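Notes follow the structure.
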Amino acid sequence: MWALKTAYYRAFQKIMKIFMIFLDWSEPELLTGPGSIKKLPGVIADKGINNVMIVTDKGLMNLHILDGLFEELKAKNINYVVYDGVQPNPSIENIEEARAMFVENGCEAMIAFGGGSPMDCAKAAAARVVRPNKTVPQMRGVMKVMHKLPPFFAVPTTAGTGSETTLAAVVSNTQTHEKYAINDPCLRPKYAVLDPELTVGLPPHITSTTGMDALTHAVEAYIGKSNVKSTSAYAEKATKLIFENLETAYNDGKNIEARNNMLLASFYAGMAFTRAYVGYVHAIAHNLGGMYGIPHGLANAVILPVILEEYGSAIYAPLARLADIAGVKGVSEADKAVNFIFEIKSMNARMNIPAGFTQIKDEDIDTIVERAMKEAHPLYPTPVIFDKKRLCAIVKKLKIEE
């Protein structure tokens with residue numbers, strides 16, 4: 001039975017890889033560099049848009065990071081309303097509140113401002129605007145929206161999620177403690193602002209975990225079986241930039257060059273995985289987030305080396321190539337791959353990222369694994385397909401005592 005299932009998964013993935021060829025993979029229009037956020041209202045005005053909604057969170061509002069954007073919107077006579085109720089793992093309730101505000105105020109466009117959570121909330125809310133008769137759970141999975149969104153502008157304030165260029169929105173169900181993705185090409189933002197000045201105030205811990213989130217995107221896309229020439233190039237660019245800049249940004253948050261390079265790395269990694277997909281790292285991370293509220297970047301950072309070790313020799317060749325790009329030495333292909341994984345662990349340690357989670361409860365492991373398998377199979381083109389027993393063993397490895 002398991003052999004039949006794995007054969008079906010691989011067949012599904014091959015069909016999806018062919019299908020993806022026919023989608024539009026052009027990059028979002030970019031505004032880049034220090035101070036580029038102030039150019040966004042001009043772009044919006046040039047498109048004849050007079051009324052926008054901004055989706056963000058209270059933390060960013062309290063830091064007054066959006067004040068410059070507000071001033072420029074007023075200067076261009078663009079009306080705006082702000083939804084700032086987004087939680088760290090955006091819930092269906094957040095999405096419905098944002099949708100209602102958009103509709104009630106007659107908004108024409110959406111600005112997602114923040115990390116992955118505001119981005120995901122805004123994407124899902126925009127999907128609900130154009131699909132008013134379809135609930136959020138009904139849009140779970142692949143190609144369940146299929147409607148053009150209102151004009152959508154993405155402004156990342158962390159360098160990690162790559163949401164400004166992906167076709168996914170991750171949603172949390174507070175009733176079932178599930179976390180899952182809505183995947184549809186129409187969710188890809190058409191415009192993105194990469195302004196490093198918006199990231200200089202990020203605390204070191206957020207800098208490190210979001211940066212390792214971007215590395216996870218690049219690596220999982222690169223080693224998967226749906227990787228193509230373009231996603232390979234994006235993943236390689238992202239990996240090189242992360243190894244060269246993440247710890248600099250972590251240790252010197254005001255280093256504009258490192259911050260700018262990390263935004264580019266996150267963008268490239270997003271371009272890689274939105275077409276080539278991710279794998280078991282994300283499947284487990286999403287469910288640790290849904291079950292315990294563990295931040296996604298932190299979960300990915302901890303899980304990544306554990307999963308890479310579990311794949312073993314199946315991924316030595318691509319990891320060795322990434323090792324060369326990242327400047328990780330080794331005398332053989334296997335040696336380079338093993339050293340690359342060790343360097344990920346070392347980076348985590350240098351940036352005070354833990355080696356596991358105290359939150360994991362033995363009685364929850366079966367549920368976590370069942371939900372992870374539901375997410376990963378058949379969609380994620382992982383280099384090796386794991387069964388429930390193997391995934392349970394992996395999750396147990398992630399559990400540490402207080």
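Order determines the names: the first chain of the structure tokens is A, the second B, and so forth; residues in each chain are numbered 1 upward, and ligands are numbered 1 upward as they are shown.
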| message | as JSON, numbers by chain, please: the residues near segment 316-323 of chain A (cut-off 12 Å, only C-alpha atoms, same-chain neighbours under 6 positions excluded). | response | {"A": [215, 218, 219, 220, 221, 222, 223, 224, 225, 227, 232, 233, 234, 235, 236, 237, 238, 239, 240, 241, 242, 243, 305, 308, 309, 310, 329, 330, 331, 332, 333, 334, 335, 336, 337, 338, 339, 340, 341, 342, 343, 344, 383]}
Could those residues be written to a file, using N, CA and C atoms, as a tab-separated table (two decimals), in the first residue's frame?
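And here's part.tsv as it stands now:
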chain	number	residue	atom	x	y	z
A	215	LEU	N	16.81	30.83	4.26
A	215	LEU	CA	17.73	29.75	3.89
A	215	LEU	C	16.97	28.44	3.70
A	218	ALA	N	15.32	28.42	0.33
A	218	ALA	CA	16.28	28.18	-0.75
A	218	ALA	C	16.71	26.72	-0.80
A	219	VAL	N	17.04	26.16	0.35
A	219	VAL	CA	17.57	24.79	0.40
A	219	VAL	C	16.48	23.78	0.05
A	220	GLU	N	15.29	23.93	0.62
A	220	GLU	CA	14.23	22.96	0.33
A	220	GLU	C	13.83	23.00	-1.15
A	221	ALA	N	13.80	24.20	-1.74
A	221	ALA	CA	13.51	24.29	-3.17
A	221	ALA	C	14.61	23.61	-3.99
A	222	TYR	N	15.86	23.82	-3.58
A	222	TYR	CA	17.02	23.35	-4.35
A	222	TYR	C	17.15	21.84	-4.36
A	223	ILE	N	16.83	21.20	-3.24
A	223	ILE	CA	17.01	19.75	-3.14
A	223	ILE	C	15.78	18.97	-3.59
A	224	GLY	N	14.66	19.67	-3.83
A	224	GLY	CA	13.43	19.00	-4.19
A	224	GLY	C	13.42	18.55	-5.65
A	225	LYS	N	12.47	17.72	-5.99
A	225	LYS	CA	12.40	17.13	-7.32
A	225	LYS	C	11.65	17.99	-8.32
A	227	ASN	N	12.69	21.25	-8.75
A	227	ASN	CA	13.64	22.32	-9.03
A	227	ASN	C	13.90	22.39	-10.54
A	232	SER	N	16.79	26.96	-9.44
A	232	SER	CA	18.14	26.61	-9.01
A	232	SER	C	19.00	27.87	-8.89
A	233	ALA	N	18.91	28.74	-9.90
A	233	ALA	CA	19.70	29.97	-9.89
A	233	ALA	C	19.28	30.89	-8.74
A	234	TYR	N	17.98	31.01	-8.53
A	234	TYR	CA	17.49	31.84	-7.42
A	234	TYR	C	17.95	31.30	-6.07
A	235	ALA	N	17.85	29.98	-5.90
A	235	ALA	CA	18.24	29.37	-4.63
A	235	ALA	C	19.73	29.54	-4.36
A	236	GLU	N	20.53	29.43	-5.40
A	236	GLU	CA	21.98	29.61	-5.25
A	236	GLU	C	22.31	31.05	-4.86
A	237	LYS	N	21.67	32.01	-5.53
A	237	LYS	CA	21.89	33.42	-5.18
A	237	LYS	C	21.52	33.68	-3.72
A	238	ALA	N	20.36	33.16	-3.32
A	238	ALA	CA	19.88	33.38	-1.96
A	238	ALA	C	20.84	32.77	-0.94
A	239	THR	N	21.28	31.55	-1.18
A	239	THR	CA	22.17	30.86	-0.24
A	239	THR	C	23.48	31.63	-0.06
A	240	LYS	N	24.05	32.08	-1.16
A	240	LYS	CA	25.31	32.84	-1.09
A	240	LYS	C	25.12	34.12	-0.29
A	241	LEU	N	24.05	34.85	-0.57
A	241	LEU	CA	23.80	36.11	0.14
A	241	LEU	C	23.57	35.89	1.63
A	242	ILE	N	22.87	34.83	1.98
A	242	ILE	CA	22.57	34.55	3.39
A	242	ILE	C	23.85	34.19	4.15
A	243	PHE	N	24.66	33.34	3.58
A	243	PHE	CA	25.91	32.96	4.25
A	243	PHE	C	26.85	34.15	4.39
A	305	PRO	N	18.37	21.46	9.79
A	305	PRO	CA	19.50	20.51	9.79
A	305	PRO	C	19.09	19.08	10.15
A	308	LEU	N	17.68	17.57	6.93
A	308	LEU	CA	18.76	17.36	5.95
A	308	LEU	C	19.59	16.13	6.32
A	309	GLU	N	19.87	15.96	7.60
A	309	GLU	CA	20.60	14.76	8.03
A	309	GLU	C	19.80	13.49	7.73
A	310	GLU	N	18.49	13.57	7.90
A	310	GLU	CA	17.64	12.40	7.69
A	310	GLU	C	17.60	11.99	6.21
A	329	LYS	N	33.97	24.23	2.96
A	329	LYS	CA	34.97	23.34	2.39
A	329	LYS	C	34.67	21.87	2.64
A	330	GLY	N	35.32	21.01	1.85
A	330	GLY	CA	35.21	19.57	2.01
A	330	GLY	C	36.03	18.86	0.97
A	331	VAL	N	36.51	17.65	1.26
A	331	VAL	CA	37.38	16.94	0.34
A	331	VAL	C	36.60	16.08	-0.66
A	332	SER	N	35.34	15.83	-0.38
A	332	SER	CA	34.51	15.01	-1.26
A	332	SER	C	33.10	15.58	-1.26
A	333	GLU	N	32.28	15.05	-2.16
A	333	GLU	CA	30.88	15.49	-2.23
A	333	GLU	C	30.17	15.25	-0.90
A	334	ALA	N	30.34	14.05	-0.35
A	334	ALA	CA	29.70	13.72	0.92
A	334	ALA	C	30.23	14.62	2.04
A	335	ASP	N	31.53	14.85	2.02
A	335	ASP	CA	32.16	15.68	3.05
A	335	ASP	C	31.61	17.11	3.00
A	336	LYS	N	31.48	17.65	1.81
A	336	LYS	CA	30.94	19.01	1.65
A	336	LYS	C	29.50	19.09	2.15
A	337	ALA	N	28.70	18.08	1.81
A	337	ALA	CA	27.30	18.07	2.22
A	337	ALA	C	27.17	18.02	3.73
A	338	VAL	N	27.94	17.12	4.36
A	338	VAL	CA	27.89	16.99	5.81
A	338	VAL	C	28.38	18.27	6.48
A	339	ASN	N	29.42	18.88	5.92
A	339	ASN	CA	29.94	20.13	6.48
A	339	ASN	C	28.96	21.28	6.31
A	340	PHE	N	28.20	21.26	5.20
A	340	PHE	CA	27.18	22.29	4.98
A	340	PHE	C	26.11	22.21	6.07
A	341	ILE	N	25.66	21.01	6.37
A	341	ILE	CA	24.66	20.84	7.43
A	341	ILE	C	25.24	21.27	8.78
A	342	PHE	N	26.50	20.88	9.03
A	342	PHE	CA	27.15	21.27	10.29
A	342	PHE	C	27.25	22.78	10.40
A	343	GLU	N	27.51	23.46	9.27
A	343	GLU	CA	27.62	24.92	9.31
A	343	GLU	C	26.27	25.58	9.61
A	344	ILE	N	25.18	24.97	9.14
A	344	ILE	CA	23.85	25.49	9.49
A	344	ILE	C	23.65	25.39	11.01
A	383	PRO	N	13.00	15.05	-1.63
A	383	PRO	CA	13.96	14.13	-2.23
A	383	PRO	C	13.75	12.67	-1.81
| message | Report as a PyMOL selection string all protein, DNA and RNA residues lying within 12 Å of Thr176 of chain A, evaluated on only C-alpha atoms, omitting residues in the same chain fewer than 6 positions from it. | response | chain A and resi 91-92+137+287+290-292+367-368+371
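The closest residue to Pro88 of chain A, picked from A:Arg188, A:Lys58, A:Lys39, A:Lys148 and counting only C-alpha atoms, is A:Lys58.
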| message | What's around Thr161 of chain A at 9 Å? Count only C-alpha atoms, leave out sequence neighbours fewer than 3 positions away in its own chain, and write the answer as a PyMOL selection string. | response | chain A and resi 115-116+156+158+164+166+210-211+213-214+217+266-267+269-270+297
What are the closest atom pairs, with distances in Å to one decimal, for each residue of segment 296-370 of chain A lying within 10 Å of segment 196-206 of chain A, using only C-alpha atoms, rows by chain and rising residue number, as CSV?
residue,atom,partner,partner_atom,distance
A:Gly297,CA,A:Ile206,CA,8.2
A:Leu298,CA,A:Ile206,CA,8.5
A:Met351,CA,A:His205,CA,7.5
A:Asn352,CA,A:His205,CA,7.8
A:Ile353,CA,A:His205,CA,7.9
| task | List the neighbours of segment 103-107 of chain A out to 10 Å using only C-alpha atoms; skip same-chain residues closer than 2 positions along the sequence, and give me the result as a list in words. | result | Ile49, Asn50, Asn51, Val52, Met53, Ile54, Asn79, Tyr80, Val81, Ala98, Arg99, Ala100, Met101, Ala109, Met110, Ala126, Val129 and Pro150 of chain A
| Leaving out Asp195 of chain A and any residue of its chain fewer than 2 positions from it, which residues lie within 9 Å of it when counting only C-alpha atoms, given as a list in words? | Leu31, Thr32, Gly33, Pro34, Gly35, Ser36, Ile37, Val155, Pro156, Thr157, Val193, Glu197, Leu198, Thr199, Arg259, Asn260 and Leu263 of chain A
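Counting from atom CA of Arg140 of chain A, the distance to atom CA of Pro118 of chain A is 18.0 Å.
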| field | Residues flagged alpha helix (DSSP H) by DSSP in segment 115-294 of chain A, as a ChimeraX atom specification | value | /A:116-130,204-223,229-251,256-276,280-292
| field | Non-local contacts of segment 356-362 of chain A (6 Å; only C-alpha atoms; under 6 positions in same chain excluded) as a list in words | value | Leu398, Lys399, Ile400, Glu401 and Glu402 of chain A
| task | Pick out the closest residue to Pro28 of chain A from this set: A:Ile284, A:Ala7, A:Ile394, A:Leu187. Count only C-alpha atoms. | result | A:Leu187
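Note that atom CA of Pro381 of chain A and atom CA of Ala355 of chain A are 25.9 Å apart.
The coordinates place atom CA of Asp57 of chain A at 27.2 Å from atom CA of Glu375 of chain A.
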| note | Residue with the minimum atom-to-atom distance to Glu257 of chain A, picked from A:Glu29, A:Cys392, A:Glu244, A:Val281 with only C-alpha atoms counted, is A:Glu244
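Remark: for Ala299 of chain A, the closest of the candidate residues A:Leu73, A:Val384, A:Ala285, A:Leu264 is A:Ala285 (distances computed over only C-alpha atoms).
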| field | For Asn348 of chain A, the nearest of the candidates A:Ala11, A:Ala276, A:Val369, A:Leu246, counting only C-alpha atoms | value | A:Leu246
